[in-house]
Amino acid sequence: MEYDEQLVAFEKNKQYVLKNQDIVREAYGEKSIAIVDKIIVDSDKNEFELAKRMYQKFPDRFVFVSTIEDVVNLKIFHMESPENA
C-alpha cells in the first residue's frame, strides 16, 4: 500500500473513531482497537499483541491500531525538513 493510500486510510479510520467515540468507548473501554476500513476487527488490552495479530491477519492492508483516548487526544505536527531551512 502506497504512503498516500495509508494516510487516507488512517484519516478515515480516525474520523470513524471520533464520530463514534462514545459507542466505541462503551464497548471497548481502555482496550486498544484494530480498525480496517472503518470496521473494528479486534481488540486487546495488549496493543503489541493486537498489532502482531493484525499484521498476520492483514499483511497487505492498513490496520489502524490505537486506544480511543489516543485517537481523541491525537496531535499531529507538520514540520519542515531541516534541509529546507
# chains A, B, ... in the order shown; residues from 1 in each chain; ligands from 1

$ select_by_dssp --residues "chain A" --states "helix (DSSP H, G or I)" --output "ChimeraX atom specification"
/A:3-19,21-28,47-57,68-72,82-84

$ write_last_selection --atoms "N, CA and C atoms" --output "CSV table (one decimal), in the first residue's frame"
chain,number,residue,atom,x,y,z
A,3,TYR,N,2.1,5.2,0.4
A,3,TYR,CA,2.1,6.1,1.6
A,3,TYR,C,0.8,6.9,1.6
A,4,ASP,N,0.5,7.5,0.4
A,4,ASP,CA,-0.7,8.4,0.3
A,4,ASP,C,-2.0,7.6,0.6
A,5,GLU,N,-2.1,6.3,0.2
A,5,GLU,CA,-3.2,5.5,0.5
A,5,GLU,C,-3.3,5.2,2.0
A,6,GLN,N,-2.1,5.0,2.6
A,6,GLN,CA,-2.1,4.8,4.1
A,6,GLN,C,-2.6,6.0,4.8
A,7,LEU,N,-2.2,7.2,4.4
A,7,LEU,CA,-2.7,8.4,5.0
A,7,LEU,C,-4.2,8.6,4.9
A,8,VAL,N,-4.8,8.3,3.7
A,8,VAL,CA,-6.2,8.3,3.5
A,8,VAL,C,-6.9,7.3,4.4
A,9,ALA,N,-6.4,6.1,4.5
A,9,ALA,CA,-7.0,5.1,5.3
A,9,ALA,C,-6.9,5.5,6.8
A,10,PHE,N,-5.8,6.0,7.2
A,10,PHE,CA,-5.6,6.5,8.6
A,10,PHE,C,-6.6,7.5,8.9
A,11,GLU,N,-6.8,8.5,8.1
A,11,GLU,CA,-7.8,9.6,8.3
A,11,GLU,C,-9.2,9.1,8.4
A,12,LYS,N,-9.6,8.2,7.5
A,12,LYS,CA,-10.9,7.6,7.5
A,12,LYS,C,-11.2,6.9,8.8
A,13,ASN,N,-10.2,6.1,9.2
A,13,ASN,CA,-10.4,5.3,10.4
A,13,ASN,C,-10.4,6.2,11.7
A,14,LYS,N,-9.6,7.2,11.7
A,14,LYS,CA,-9.5,8.2,12.8
A,14,LYS,C,-10.9,8.9,12.9
A,15,GLN,N,-11.4,9.3,11.8
A,15,GLN,CA,-12.7,10.0,11.8
A,15,GLN,C,-13.8,9.1,12.2
A,16,TYR,N,-13.8,7.9,11.9
A,16,TYR,CA,-14.8,6.9,12.3
A,16,TYR,C,-14.7,6.8,13.9
A,17,VAL,N,-13.6,6.7,14.4
A,17,VAL,CA,-13.5,6.6,15.9
A,17,VAL,C,-14.0,7.9,16.6
A,18,LEU,N,-13.6,9.0,16.0
A,18,LEU,CA,-14.0,10.3,16.6
A,18,LEU,C,-15.5,10.5,16.5
A,19,LYS,N,-16.1,10.1,15.4
A,19,LYS,CA,-17.5,10.2,15.2
A,19,LYS,C,-18.3,9.3,16.2
A,21,GLN,N,-17.0,7.9,19.1
A,21,GLN,CA,-16.2,7.6,20.3
A,21,GLN,C,-17.0,7.2,21.5
A,22,ASP,N,-18.2,7.7,21.7
A,22,ASP,CA,-18.9,7.2,22.9
A,22,ASP,C,-19.3,5.8,22.8
A,23,ILE,N,-19.8,5.3,21.6
A,23,ILE,CA,-20.1,3.9,21.5
A,23,ILE,C,-18.9,3.0,21.5
A,24,VAL,N,-17.8,3.5,20.9
A,24,VAL,CA,-16.6,2.7,20.9
A,24,VAL,C,-16.0,2.6,22.3
A,25,ARG,N,-16.0,3.7,23.0
A,25,ARG,CA,-15.5,3.7,24.4
A,25,ARG,C,-16.3,2.8,25.3
A,26,GLU,N,-17.6,2.8,25.1
A,26,GLU,CA,-18.5,2.0,26.0
A,26,GLU,C,-18.2,0.5,25.7
A,27,ALA,N,-18.0,0.2,24.4
A,27,ALA,CA,-17.8,-1.2,24.0
A,27,ALA,C,-16.4,-1.7,24.4
A,28,TYR,N,-15.4,-0.9,24.2
A,28,TYR,CA,-14.0,-1.4,24.3
A,28,TYR,C,-13.2,-0.7,25.5
A,47,GLU,N,-1.6,-3.8,23.3
A,47,GLU,CA,-1.5,-3.2,22.0
A,47,GLU,C,-0.5,-3.9,21.1
A,48,PHE,N,0.6,-4.3,21.7
A,48,PHE,CA,1.6,-5.0,20.9
A,48,PHE,C,1.1,-6.4,20.3
A,49,GLU,N,0.4,-7.1,21.2
A,49,GLU,CA,-0.1,-8.4,20.8
A,49,GLU,C,-1.2,-8.2,19.7
A,50,LEU,N,-2.0,-7.2,19.9
A,50,LEU,CA,-3.0,-6.9,18.9
A,50,LEU,C,-2.4,-6.5,17.5
A,51,ALA,N,-1.4,-5.7,17.6
A,51,ALA,CA,-0.7,-5.3,16.3
A,51,ALA,C,-0.1,-6.6,15.6
A,52,LYS,N,0.5,-7.5,16.4
A,52,LYS,CA,1.1,-8.7,15.9
A,52,LYS,C,0.0,-9.5,15.2
A,53,ARG,N,-1.1,-9.7,15.8
A,53,ARG,CA,-2.2,-10.5,15.2
A,53,ARG,C,-2.7,-9.8,13.9
A,54,MET,N,-2.8,-8.5,13.9
A,54,MET,CA,-3.3,-7.8,12.8
A,54,MET,C,-2.3,-7.9,11.6
A,55,TYR,N,-1.1,-7.8,11.9
A,55,TYR,CA,0.0,-8.0,10.9
A,55,TYR,C,-0.1,-9.3,10.2
A,56,GLN,N,-0.4,-10.4,11.0
A,56,GLN,CA,-0.5,-11.7,10.5
A,56,GLN,C,-1.8,-11.9,9.7
A,57,LYS,N,-2.9,-11.3,10.2
A,57,LYS,CA,-4.2,-11.5,9.6
A,57,LYS,C,-4.4,-10.6,8.3
A,68,ILE,N,-8.9,4.4,22.2
A,68,ILE,CA,-9.8,5.5,21.9
A,68,ILE,C,-9.2,6.8,22.4
A,69,GLU,N,-8.7,6.8,23.6
A,69,GLU,CA,-8.1,8.0,24.2
A,69,GLU,C,-7.0,8.6,23.4
A,70,ASP,N,-6.1,7.8,22.8
A,70,ASP,CA,-5.0,8.2,22.0
A,70,ASP,C,-5.6,8.9,20.7
A,71,VAL,N,-6.6,8.3,20.2
A,71,VAL,CA,-7.2,8.9,18.9
A,71,VAL,C,-7.8,10.3,19.3
A,72,VAL,N,-8.6,10.4,20.3
A,72,VAL,CA,-9.3,11.6,20.7
A,72,VAL,C,-8.2,12.7,21.0
A,82,PRO,N,14.7,19.9,8.0
A,82,PRO,CA,15.9,20.8,8.3
A,82,PRO,C,16.7,21.2,7.1
A,83,GLU,N,16.6,20.3,6.1
A,83,GLU,CA,17.3,20.6,4.8
A,83,GLU,C,16.7,21.8,4.1
A,84,ASN,N,15.5,22.1,4.4
A,84,ASN,CA,14.8,23.2,3.7
A,84,ASN,C,15.0,24.5,4.5

$ closest_residue --among "A:Phe64, A:Asn20, A:Glu2, A:Asp44" --to "A:Ser32" --atoms "only C-alpha atoms"
A:Asp44

$ atom_distance --atom1 "atom CA of A:Phe58" --atom2 "atom CA of A:Ser43"
14.5 Å
